[in-house]
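Structure below is work_35.tsv: TSV, C-alpha atoms.
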```tsv
chain	number	residue	atom	x	y	z
A	151	MET	CA	1.91	-18.02	17.12
A	152	THR	CA	-1.55	-17.61	15.60
A	153	PRO	CA	-2.97	-14.95	13.26
A	154	ASP	CA	-5.36	-13.65	15.92
A	155	ILE	CA	-3.24	-10.66	16.98
A	156	LEU	CA	-2.52	-9.85	13.34
A	157	LEU	CA	-6.24	-9.69	12.57
A	158	GLN	CA	-7.07	-7.85	15.80
A	159	HIS	CA	-4.79	-4.95	14.89
A	160	ALA	CA	-5.00	-4.96	11.08
A	161	LEU	CA	-6.62	-1.95	9.44
A	162	ARG	CA	-9.70	-2.69	7.35
A	163	PRO	CA	-10.74	-0.08	4.77
A	164	ASP	CA	-13.80	1.99	5.56
A	165	TRP	CA	-15.12	2.40	2.02
A	166	PRO	CA	-18.27	1.43	0.10
A	167	ALA	CA	-16.72	-1.59	-1.63
A	168	PRO	CA	-18.87	-4.68	-2.29
A	169	ALA	CA	-18.84	-7.29	0.49
A	170	HIS	CA	-16.92	-9.81	-1.61
A	171	VAL	CA	-13.94	-7.44	-1.91
A	172	HIS	CA	-11.63	-7.98	1.05
A	173	ALA	CA	-8.68	-5.84	2.03
A	174	LEU	CA	-6.44	-5.24	5.02
A	175	VAL	CA	-3.27	-3.47	6.04
A	176	THR	CA	-1.11	-5.24	8.61
A	177	THR	CA	0.47	-3.41	11.51
A	178	ARG	CA	3.74	-4.33	13.20
A	179	LEU	CA	1.87	-6.44	15.80
A	180	GLY	CA	1.32	-10.17	15.84
A	181	GLY	CA	4.47	-11.74	14.41
A	182	CYS	CA	7.72	-13.36	15.52
A	183	SER	CA	10.49	-11.03	14.27
A	184	GLN	CA	12.90	-9.64	16.85
A	185	ALA	CA	13.88	-5.98	17.35
A	186	PRO	CA	14.23	-3.72	15.44
A	187	TYR	CA	11.81	-5.63	13.18
A	188	ASP	CA	9.42	-6.51	15.98
A	189	SER	CA	7.23	-8.20	15.31
A	190	LEU	CA	5.19	-8.74	12.13
A	191	ASN	CA	7.82	-7.78	9.55
A	192	LEU	CA	6.77	-9.05	6.11
A	193	GLY	CA	9.70	-7.67	4.12
A	194	ASP	CA	12.32	-10.20	3.04
A	195	HIS	CA	14.74	-7.49	1.83
A	196	VAL	CA	15.45	-5.59	5.06
A	197	GLU	CA	18.05	-7.90	6.67
A	198	ASP	CA	15.58	-9.53	9.05
A	199	ASP	CA	15.94	-13.25	9.79
A	200	LEU	CA	14.40	-14.99	6.78
A	201	ALA	CA	12.93	-17.77	8.92
A	202	ALA	CA	11.01	-15.14	10.89
A	203	VAL	CA	9.80	-13.43	7.70
A	204	THR	CA	8.66	-16.77	6.31
A	205	ALA	CA	6.75	-17.51	9.52
A	206	ASN	CA	5.17	-14.04	9.46
A	207	ARG	CA	4.07	-14.51	5.86
A	208	ALA	CA	2.53	-17.85	6.80
A	209	LEU	CA	0.58	-16.08	9.56
A	210	LEU	CA	-0.68	-13.57	7.02
A	211	GLU	CA	-1.78	-16.36	4.70
A	212	GLN	CA	-3.70	-17.99	7.57
A	213	ALA	CA	-5.31	-14.68	8.43
A	214	LEU	CA	-6.54	-14.17	4.87
A	215	GLN	CA	-8.07	-17.65	4.88
A	216	GLN	CA	-10.01	-16.77	8.03
A	217	LEU	CA	-11.60	-13.82	6.25
A	218	ALA	CA	-12.31	-15.39	2.84
A	219	PRO	CA	-10.89	-18.19	0.66
A	220	ALA	CA	-7.59	-17.09	-0.81
A	221	GLN	CA	-4.33	-18.39	-2.15
A	222	ALA	CA	-0.96	-17.23	-0.85
A	223	PRO	CA	-0.40	-13.46	-1.23
A	224	GLN	CA	1.32	-12.35	-4.42
A	225	TRP	CA	4.41	-10.20	-3.75
A	226	LEU	CA	6.19	-7.62	-5.89
A	227	LYS	CA	9.78	-6.43	-6.05
A	228	GLN	CA	9.02	-2.74	-5.60
A	229	VAL	CA	11.24	-0.28	-7.47
A	230	HIS	CA	9.47	3.10	-6.94
A	231	GLY	CA	8.18	3.04	-10.50
A	232	VAL	CA	4.79	3.12	-12.20
A	233	ARG	CA	4.51	-0.40	-13.67
A	234	VAL	CA	1.21	-2.22	-13.03
A	235	VAL	CA	1.15	-6.01	-13.41
A	236	THR	CA	-1.42	-8.82	-13.37
A	237	PRO	CA	-0.64	-12.19	-11.73
A	238	PRO	CA	-0.41	-15.16	-14.12
A	239	ALA	CA	-3.59	-17.11	-14.70
A	240	GLU	CA	-1.88	-20.43	-13.90
A	241	PRO	CA	-1.58	-21.04	-10.12
A	242	THR	CA	1.73	-22.89	-10.46
A	243	GLN	CA	3.23	-19.87	-12.22
A	244	ARG	CA	2.02	-17.54	-9.48
A	245	ARG	CA	4.13	-19.43	-6.91
A	246	VAL	CA	7.34	-18.06	-8.45
A	247	TRP	CA	5.99	-14.76	-9.79
A	248	ILE	CA	7.75	-11.76	-8.21
A	249	PRO	CA	8.02	-9.02	-10.88
A	250	ASP	CA	9.64	-5.61	-10.67
A	251	ALA	CA	6.55	-3.43	-10.25
A	252	ASP	CA	4.80	-1.08	-7.84
A	253	ALA	CA	1.17	-1.96	-8.48
A	254	ALA	CA	-0.87	-5.04	-9.27
A	255	THR	CA	-4.39	-5.74	-10.43
A	256	THR	CA	-6.61	-8.76	-10.93
A	257	SER	CA	-10.20	-9.69	-11.73
A	258	GLU	CA	-9.65	-13.29	-10.61
A	259	ALA	CA	-11.19	-14.51	-7.36
A	260	GLY	CA	-9.03	-15.80	-4.55
A	261	VAL	CA	-5.77	-14.12	-5.64
A	262	PRO	CA	-4.51	-11.65	-2.99
A	263	ILE	CA	-2.31	-8.91	-4.46
A	264	THR	CA	0.05	-7.12	-2.13
A	265	VAL	CA	2.38	-4.17	-1.66
A	266	MET	CA	4.69	-3.44	1.27
A	267	THR	CA	5.23	-0.06	2.90
A	268	ALA	CA	6.95	1.69	5.80
A	269	ASP	CA	6.03	5.37	5.14
A	270	CYS	CA	5.11	5.16	1.44
A	271	LEU	CA	1.42	5.38	0.57
A	272	PRO	CA	-0.54	2.18	-0.17
A	273	ALA	CA	-3.72	2.64	-2.20
A	274	PHE	CA	-6.50	0.09	-2.75
A	275	PHE	CA	-8.71	0.25	-5.85
A	276	THR	CA	-11.91	-1.52	-6.85
A	277	ASP	CA	-14.97	-0.77	-8.95
A	278	ARG	CA	-18.49	-0.51	-7.59
A	279	ALA	CA	-19.31	-4.02	-8.84
A	280	GLY	CA	-16.16	-5.50	-7.30
A	281	SER	CA	-15.21	-7.09	-10.62
A	282	ARG	CA	-11.58	-5.91	-10.41
A	283	VAL	CA	-9.23	-4.93	-7.62
A	284	ALA	CA	-5.82	-3.27	-7.56
A	285	VAL	CA	-3.22	-2.08	-5.07
A	286	ALA	CA	-0.45	0.46	-5.57
A	287	HIS	CA	2.71	1.41	-3.69
A	288	ALA	CA	3.22	5.17	-3.95
A	289	GLY	CA	6.42	6.57	-2.57
A	290	TRP	CA	7.01	10.20	-3.46
A	291	ARG	CA	8.78	9.25	-6.69
A	292	GLY	CA	6.09	6.84	-7.85
A	293	LEU	CA	3.33	9.22	-6.82
A	294	CYS	CA	5.00	12.06	-8.71
A	295	ASP	CA	5.60	9.94	-11.81
A	296	GLY	CA	2.03	8.65	-11.96
A	297	VAL	CA	1.68	5.21	-10.35
A	298	LEU	CA	-1.85	6.01	-9.16
A	299	GLU	CA	-2.90	7.16	-12.62
A	300	ALA	CA	-1.38	4.03	-14.17
A	301	THR	CA	-3.32	1.87	-11.72
A	302	ALA	CA	-6.55	3.78	-12.33
A	303	ALA	CA	-6.13	3.18	-16.08
A	304	GLU	CA	-6.74	-0.54	-15.47
A	305	PHE	CA	-10.40	0.32	-14.87
A	306	ALA	CA	-12.73	1.19	-17.75
A	307	ARG	CA	-14.84	3.85	-16.03
A	308	PRO	CA	-13.13	6.17	-13.51
A	309	GLU	CA	-16.49	7.32	-12.18
A	310	ASP	CA	-17.09	3.74	-10.96
A	311	VAL	CA	-13.74	3.41	-9.18
A	312	LEU	CA	-13.38	3.46	-5.40
A	313	VAL	CA	-10.04	4.14	-3.71
A	314	TRP	CA	-8.90	3.78	-0.12
A	315	LEU	CA	-5.65	5.38	1.02
A	316	GLY	CA	-3.79	3.39	3.66
A	317	PRO	CA	-1.35	4.50	6.37
A	318	ALA	CA	1.58	6.63	5.21
A	319	ILE	CA	3.90	9.26	6.61
A	320	GLY	CA	1.73	12.23	7.53
A	321	PRO	CA	1.92	15.91	6.56
A	322	GLU	CA	3.54	16.88	9.88
A	323	ALA	CA	6.45	14.49	9.32
A	324	PHE	CA	7.10	14.21	5.56
A	325	GLU	CA	9.90	16.73	5.13
A	326	VAL	CA	11.39	17.18	1.64
A	327	GLY	CA	13.66	19.55	-0.21
A	328	SER	CA	12.67	22.17	-2.75
A	329	GLU	CA	13.54	19.84	-5.63
A	330	VAL	CA	10.82	17.36	-4.64
A	331	ARG	CA	8.22	20.09	-4.32
A	332	ALA	CA	9.27	21.51	-7.70
A	333	GLU	CA	8.84	18.13	-9.41
A	334	PHE	CA	5.28	17.77	-8.18
A	335	ILE	CA	4.34	21.34	-9.13
A	336	ALA	CA	5.89	20.91	-12.59
A	337	ARG	CA	3.43	18.07	-13.21
A	338	ASP	CA	0.42	19.71	-11.57
A	339	ALA	CA	0.30	23.32	-10.40
A	340	ALA	CA	-2.34	22.38	-7.82
A	341	ALA	CA	0.34	20.44	-5.92
A	342	GLU	CA	1.59	23.72	-4.47
A	343	ALA	CA	-1.24	23.51	-1.94
A	344	ALA	CA	0.19	20.25	-0.59
A	345	PHE	CA	3.45	21.82	0.63
A	346	ARG	CA	4.17	24.30	3.39
A	347	PRO	CA	7.57	25.63	4.44
A	348	VAL	CA	9.42	24.26	7.47
A	349	VAL	CA	9.89	27.11	9.92
A	350	GLY	CA	13.54	28.00	10.33
A	351	LYS	CA	14.74	25.69	7.55
A	352	PRO	CA	14.87	27.49	4.20
A	353	GLY	CA	14.47	25.15	1.24
A	354	HIS	CA	12.65	22.51	3.32
A	355	TRP	CA	8.96	21.71	3.02
A	356	LEU	CA	6.36	19.51	4.67
A	357	GLY	CA	4.44	17.55	2.06
A	358	ASP	CA	0.97	16.04	2.27
A	359	LEU	CA	1.02	12.69	0.44
A	360	TYR	CA	-2.70	12.22	1.01
A	361	LEU	CA	-3.61	15.51	-0.61
A	362	LEU	CA	-1.22	14.87	-3.50
A	363	ALA	CA	-2.84	11.47	-4.07
A	364	ARG	CA	-6.35	12.90	-3.99
A	365	GLN	CA	-5.35	15.59	-6.49
A	366	ARG	CA	-3.91	13.03	-8.89
A	367	LEU	CA	-6.94	10.75	-8.63
A	368	GLN	CA	-9.34	13.63	-9.15
A	369	ARG	CA	-7.48	14.62	-12.32
A	370	VAL	CA	-8.30	11.22	-13.86
A	371	GLY	CA	-11.94	11.38	-12.80
A	372	ILE	CA	-11.90	9.39	-9.55
A	373	THR	CA	-13.86	11.21	-6.86
A	374	SER	CA	-14.76	8.39	-4.44
A	375	VAL	CA	-11.54	8.47	-2.40
A	376	HIS	CA	-11.52	7.32	1.22
A	377	GLY	CA	-9.04	6.77	4.02
A	378	GLY	CA	-5.96	8.83	4.78
A	379	GLY	CA	-5.20	10.58	8.02
A	380	ARG	CA	-2.88	8.06	9.69
A	381	CYS	CA	0.83	8.75	10.16
A	382	THR	CA	3.30	5.89	10.17
A	383	PHE	CA	6.05	8.18	11.52
A	384	SER	CA	4.13	9.31	14.59
A	385	GLU	CA	2.51	5.97	15.55
A	386	PRO	CA	5.52	3.75	16.40
A	387	GLU	CA	3.43	1.31	18.43
A	388	LEU	CA	1.49	0.29	15.31
A	389	PHE	CA	3.54	1.11	12.22
A	390	TYR	CA	6.99	0.68	10.79
A	391	SER	CA	8.59	3.90	9.55
A	392	PHE	CA	11.77	4.06	7.52
A	393	ARG	CA	12.06	7.81	8.06
A	394	ARG	CA	11.80	7.38	11.82
A	395	ASP	CA	13.89	4.26	12.38
A	396	GLY	CA	15.98	3.55	9.27
A	397	ARG	CA	16.44	-0.15	9.95
A	398	THR	CA	12.91	-1.45	10.24
A	399	GLY	CA	10.28	-3.82	8.90
A	400	ARG	CA	7.47	-3.54	6.38
A	401	MET	CA	3.67	-3.69	6.59
A	402	ALA	CA	1.60	-5.38	3.88
A	403	SER	CA	-1.48	-4.01	2.13
A	404	VAL	CA	-3.49	-6.89	0.65
A	405	ILE	CA	-6.66	-6.91	-1.43
A	406	TRP	CA	-8.54	-9.79	-3.05
A	407	ILE	CA	-11.88	-10.89	-4.43
A	408	ALA	CA	-13.51	-13.64	-2.40
A	409	GLY	CA	-14.14	-16.89	-4.23
A	410	ALA	CA	-13.02	-20.46	-4.66
A	411	THR	CA	-9.28	-20.98	-5.15
A	412	ALA	CA	-7.64	-23.32	-7.65
```
Represent the structure from my file as structure tokens, please.
Amino acid sequence: MTPDILLQHALRPDWPAPAHVHALVTTRLGGCSQAPYDSLNLGDHVEDDLAAVTANRALLEQALQQLAPAQAPQWLKQVHGVRVVTPPAEPTQRRVWIPDADAATTSEAGVPITVMTADCLPAFFTDRAGSRVAVAHAGWRGLCDGVLEATAAEFARPEDVLVWLGPAIGPEAFEVGSEVRAEFIARDAAAEAAFRPVVGKPGHWLGDLYLLARQRLQRVGITSVHGGGRCTFSEPELFYSFRRDGRTGRMASVIWIAGATA
């Protein structure tokens, strides 16, 4: 197995980031996991065969090297929170660094930071100079509690920040109860516009994660927001979806600054 299929199908952000900022979102294509994880599952916590996950992560590492010099991707133990972390400066420490967090940031070259998703919203951040990058995992809880705002706070000037929203469950598929809608509206009245009632199901709403994310970013002064529009739930040939399948794999969203590695 080679990383060619991985790279062929990976999503690359369409945003005005500097050329030395690299980012990609994997799809489910190009790996060696068996059904229902077929085939490029990168999650080691979903009961997939660990040897297959290890091989898939090695393919991802090879793919990153083909695009720009990089070390092994840095992984998080995601907990649907708002904590933002920075990888250790020492490369040997990074090999065992897997913190409980839902966002990461770095200004160091050659250090890919990563989040995993299967319906939740991944968001890439950089500044116009490409001096810092970040990536956030925003499930509804983290999005509601402020993980995007916490990630944005790592940058000094919000007007210089660029954001790209990766594939997430779309507004025709993200059904929630009234309590979820109420939590968002309690934090920002504008969130009401991101929900519409499900016909024939009182107390159920369809939520627009992309609109909610754009609202939150705009509130902290970030207006250069790109991406959105894909739906992990409705594109089973490309994306894993926990809502759709339950037992499934995870995609990776990876961003790094090109440069020599230690």
TODO: Please tell me which residues are no farther than 12 Å from (-9.1, 11.3, -4.8) in the file, counting all atoms listed in the file, and write them as JSON, numbers by chain.
DONE: {"A": [273, 274, 275, 298, 299, 302, 308, 309, 311, 312, 313, 314, 315, 359, 360, 361, 362, 363, 364, 365, 366, 367, 368, 369, 370, 371, 372, 373, 374, 375, 376, 377, 378]}
- [ ] Tell me which protein, DNA and RNA residues are within 12 Å of A:Gln212, counting all atoms listed in the file, leaving out same-chain ones fewer than 6 positions away, and put them as a list in words.
- [x]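 The contact residues come out as Met151, Thr152, Pro153, Asp154, Ile155, Leu156, Leu157, Ala205, Asn206, Ala218, Pro219, Ala220, Gln221, Ala222 and Pro223 of chain A.
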Take the residues from that selection and write them out as an mmCIF file, keeping the file's coordinate frame, keeping C-alpha atoms.
```
data_model
loop_
_atom_site.group_PDB
_atom_site.id
_atom_site.type_symbol
_atom_site.label_atom_id
_atom_site.label_comp_id
_atom_site.auth_asym_id
_atom_site.auth_seq_id
_atom_site.Cartn_x
_atom_site.Cartn_y
_atom_site.Cartn_z
ATOM 1 C CA MET A 151 1.910 -18.020 17.120
ATOM 2 C CA THR A 152 -1.550 -17.610 15.600
ATOM 3 C CA PRO A 153 -2.970 -14.950 13.260
ATOM 4 C CA ASP A 154 -5.360 -13.650 15.920
ATOM 5 C CA ILE A 155 -3.240 -10.660 16.980
ATOM 6 C CA LEU A 156 -2.520 -9.850 13.340
ATOM 7 C CA LEU A 157 -6.240 -9.690 12.570
ATOM 8 C CA ALA A 205 6.750 -17.510 9.520
ATOM 9 C CA ASN A 206 5.170 -14.040 9.460
ATOM 10 C CA ALA A 218 -12.310 -15.390 2.840
ATOM 11 C CA PRO A 219 -10.890 -18.190 0.660
ATOM 12 C CA ALA A 220 -7.590 -17.090 -0.810
ATOM 13 C CA GLN A 221 -4.330 -18.390 -2.150
ATOM 14 C CA ALA A 222 -0.960 -17.230 -0.850
ATOM 15 C CA PRO A 223 -0.400 -13.460 -1.230
#
```
- [ ] Excluding stretch 255-271 of chain A and any residue of its chain fewer than 2 positions from it, enumerate the residues within 6 Å of it, using all atoms listed in the file, and give them as a PyMOL selection string.
- [x] chain A and resi 220-221+223-225+236+281-284+287-289+318-319+382+390-392+400-409+411
Open item on the list: Counting all atoms listed in the file, find residues at most 8 Å from (-0.6, 6.8, 9.5) (file frame) and give them as a PyMOL selection string.
Closed with: chain A and resi 316-320+378-385+389
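Counting from atom CA of A:Asp198, the distance to atom CA of A:Glu387 is 18.8 Å.
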Open item on the list: So that I can see what lies close to A:Val203, please list as a ChimeraX atom specification the residues with an atom at most 12 Å from it, counting all atoms listed in the file and leaving out residues fewer than 4 positions away in the same chain.
Closed with: /A:181-184,187-199,207-210,399-401
- [ ] May I ask for the distance between atom CA of A:Ala173 and atom CA of A:Asp295, given in Å to one decimal place?
- [x]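 Computing it gives 25.4 Å between the two atoms.
Distance-wise, atom CA of A:Ala253 and atom CA of A:Leu226 end up 8.0 Å apart.
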TODO: Tell me which protein, DNA and RNA residues are within 9 Å of A:Arg346, counting only C-alpha atoms, leaving out same-chain ones fewer than 2 positions away, and put them as JSON, numbers by chain.
DONE: {"A": [342, 343, 344, 348, 354, 355, 356, 357, 358]}
Open item on the list: Which residues are close to A:Arg162, i.e. within 9 Å by only C-alpha atoms, leaving aside same-chain residues fewer than 3 positions away? Reply as a PyMOL selection string.
Closed with: chain A and resi 172-175
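For the choices A:Arg394, A:Arg233, A:His170, A:Lys351, the atom-to-atom distance to A:Leu293 is smallest for A:Arg233 when using all atoms listed in the file.
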TODO: Check the smallest atom-to-atom distance from each of A:Asp164, A:Trp290, A:Val246, A:Pro386 to A:Arg178 using only C-alpha atoms, then report the winner.
DONE: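 Ranked by minimum distance to A:Arg178, first place goes to A:Pro386.
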Give me stretch 337-361 of chain A with N, CA and C atoms filled in, as a PDB file, keeping the file's coordinate frame.
```
ATOM      1  N   ARG A 337       4.404  18.991 -12.613  1.00  0.00           N
ATOM      2  CA  ARG A 337       3.430  18.070 -13.210  1.00  0.00           C
ATOM      3  C   ARG A 337       1.993  18.508 -12.972  1.00  0.00           C
ATOM      4  N   ASP A 338       1.773  19.252 -11.887  1.00  0.00           N
ATOM      5  CA  ASP A 338       0.420  19.710 -11.570  1.00  0.00           C
ATOM      6  C   ASP A 338       0.540  20.932 -10.660  1.00  0.00           C
ATOM      7  N   ALA A 339       0.164  22.081 -11.167  1.00  0.00           N
ATOM      8  CA  ALA A 339       0.300  23.320 -10.400  1.00  0.00           C
ATOM      9  C   ALA A 339      -0.474  23.276  -9.082  1.00  0.00           C
ATOM     10  N   ALA A 340      -1.545  22.475  -9.037  1.00  0.00           N
ATOM     11  CA  ALA A 340      -2.340  22.380  -7.820  1.00  0.00           C
ATOM     12  C   ALA A 340      -1.555  21.778  -6.663  1.00  0.00           C
ATOM     13  N   ALA A 341      -0.462  21.083  -6.968  1.00  0.00           N
ATOM     14  CA  ALA A 341       0.340  20.440  -5.920  1.00  0.00           C
ATOM     15  C   ALA A 341       0.954  21.449  -4.959  1.00  0.00           C
ATOM     16  N   GLU A 342       1.027  22.702  -5.360  1.00  0.00           N
ATOM     17  CA  GLU A 342       1.590  23.720  -4.470  1.00  0.00           C
ATOM     18  C   GLU A 342       0.860  23.761  -3.135  1.00  0.00           C
ATOM     19  N   ALA A 343      -0.443  23.479  -3.162  1.00  0.00           N
ATOM     20  CA  ALA A 343      -1.240  23.510  -1.940  1.00  0.00           C
ATOM     21  C   ALA A 343      -0.882  22.400  -0.970  1.00  0.00           C
ATOM     22  N   ALA A 344      -0.150  21.386  -1.433  1.00  0.00           N
ATOM     23  CA  ALA A 344       0.190  20.250  -0.590  1.00  0.00           C
ATOM     24  C   ALA A 344       1.523  20.424   0.134  1.00  0.00           C
ATOM     25  N   PHE A 345       2.151  21.579  -0.001  1.00  0.00           N
ATOM     26  CA  PHE A 345       3.450  21.820   0.630  1.00  0.00           C
ATOM     27  C   PHE A 345       3.398  23.115   1.440  1.00  0.00           C
ATOM     28  N   ARG A 346       4.013  23.080   2.606  1.00  0.00           N
ATOM     29  CA  ARG A 346       4.170  24.300   3.390  1.00  0.00           C
ATOM     30  C   ARG A 346       5.595  24.348   3.935  1.00  0.00           C
ATOM     31  N   PRO A 347       6.166  25.514   4.053  1.00  0.00           N
ATOM     32  CA  PRO A 347       7.570  25.630   4.440  1.00  0.00           C
ATOM     33  C   PRO A 347       7.811  25.186   5.876  1.00  0.00           C
ATOM     34  N   VAL A 348       8.994  24.605   6.113  1.00  0.00           N
ATOM     35  CA  VAL A 348       9.420  24.260   7.470  1.00  0.00           C
ATOM     36  C   VAL A 348      10.000  25.508   8.114  1.00  0.00           C
ATOM     37  N   VAL A 349       9.449  25.896   9.236  1.00  0.00           N
ATOM     38  CA  VAL A 349       9.890  27.110   9.920  1.00  0.00           C
ATOM     39  C   VAL A 349      11.351  26.989  10.323  1.00  0.00           C
ATOM     40  N   GLY A 350      12.136  27.976   9.939  1.00  0.00           N
ATOM     41  CA  GLY A 350      13.540  28.000  10.330  1.00  0.00           C
ATOM     42  C   GLY A 350      14.454  27.151   9.477  1.00  0.00           C
ATOM     43  N   LYS A 351      13.922  26.539   8.421  1.00  0.00           N
ATOM     44  CA  LYS A 351      14.740  25.690   7.550  1.00  0.00           C
ATOM     45  C   LYS A 351      14.471  26.064   6.088  1.00  0.00           C
ATOM     46  N   PRO A 352      15.090  27.090   5.596  1.00  0.00           N
ATOM     47  CA  PRO A 352      14.870  27.490   4.200  1.00  0.00           C
ATOM     48  C   PRO A 352      15.150  26.341   3.236  1.00  0.00           C
ATOM     49  N   GLY A 353      14.300  26.210   2.225  1.00  0.00           N
ATOM     50  CA  GLY A 353      14.470  25.150   1.240  1.00  0.00           C
ATOM     51  C   GLY A 353      13.921  23.805   1.676  1.00  0.00           C
ATOM     52  N   HIS A 354      13.257  23.749   2.835  1.00  0.00           N
ATOM     53  CA  HIS A 354      12.650  22.510   3.320  1.00  0.00           C
ATOM     54  C   HIS A 354      11.147  22.703   3.441  1.00  0.00           C
ATOM     55  N   TRP A 355      10.425  21.644   3.086  1.00  0.00           N
ATOM     56  CA  TRP A 355       8.960  21.710   3.020  1.00  0.00           C
ATOM     57  C   TRP A 355       8.349  20.479   3.649  1.00  0.00           C
ATOM     58  N   LEU A 356       7.162  20.636   4.219  1.00  0.00           N
ATOM     59  CA  LEU A 356       6.360  19.510   4.670  1.00  0.00           C
ATOM     60  C   LEU A 356       5.329  19.205   3.587  1.00  0.00           C
ATOM     61  N   GLY A 357       5.332  17.948   3.136  1.00  0.00           N
ATOM     62  CA  GLY A 357       4.440  17.550   2.060  1.00  0.00           C
ATOM     63  C   GLY A 357       3.311  16.667   2.542  1.00  0.00           C
ATOM     64  N   ASP A 358       2.166  16.793   1.922  1.00  0.00           N
ATOM     65  CA  ASP A 358       0.970  16.040   2.270  1.00  0.00           C
ATOM     66  C   ASP A 358       0.720  14.989   1.185  1.00  0.00           C
ATOM     67  N   LEU A 359       1.193  13.758   1.425  1.00  0.00           N
ATOM     68  CA  LEU A 359       1.020  12.690   0.440  1.00  0.00           C
ATOM     69  C   LEU A 359      -0.450  12.407   0.166  1.00  0.00           C
ATOM     70  N   TYR A 360      -1.272  12.500   1.195  1.00  0.00           N
ATOM     71  CA  TYR A 360      -2.700  12.220   1.010  1.00  0.00           C
ATOM     72  C   TYR A 360      -3.354  13.235   0.078  1.00  0.00           C
ATOM     73  N   LEU A 361      -3.047  14.485   0.269  1.00  0.00           N
ATOM     74  CA  LEU A 361      -3.610  15.510  -0.610  1.00  0.00           C
ATOM     75  C   LEU A 361      -3.085  15.349  -2.030  1.00  0.00           C
TER      76      LEU A 361
END
```
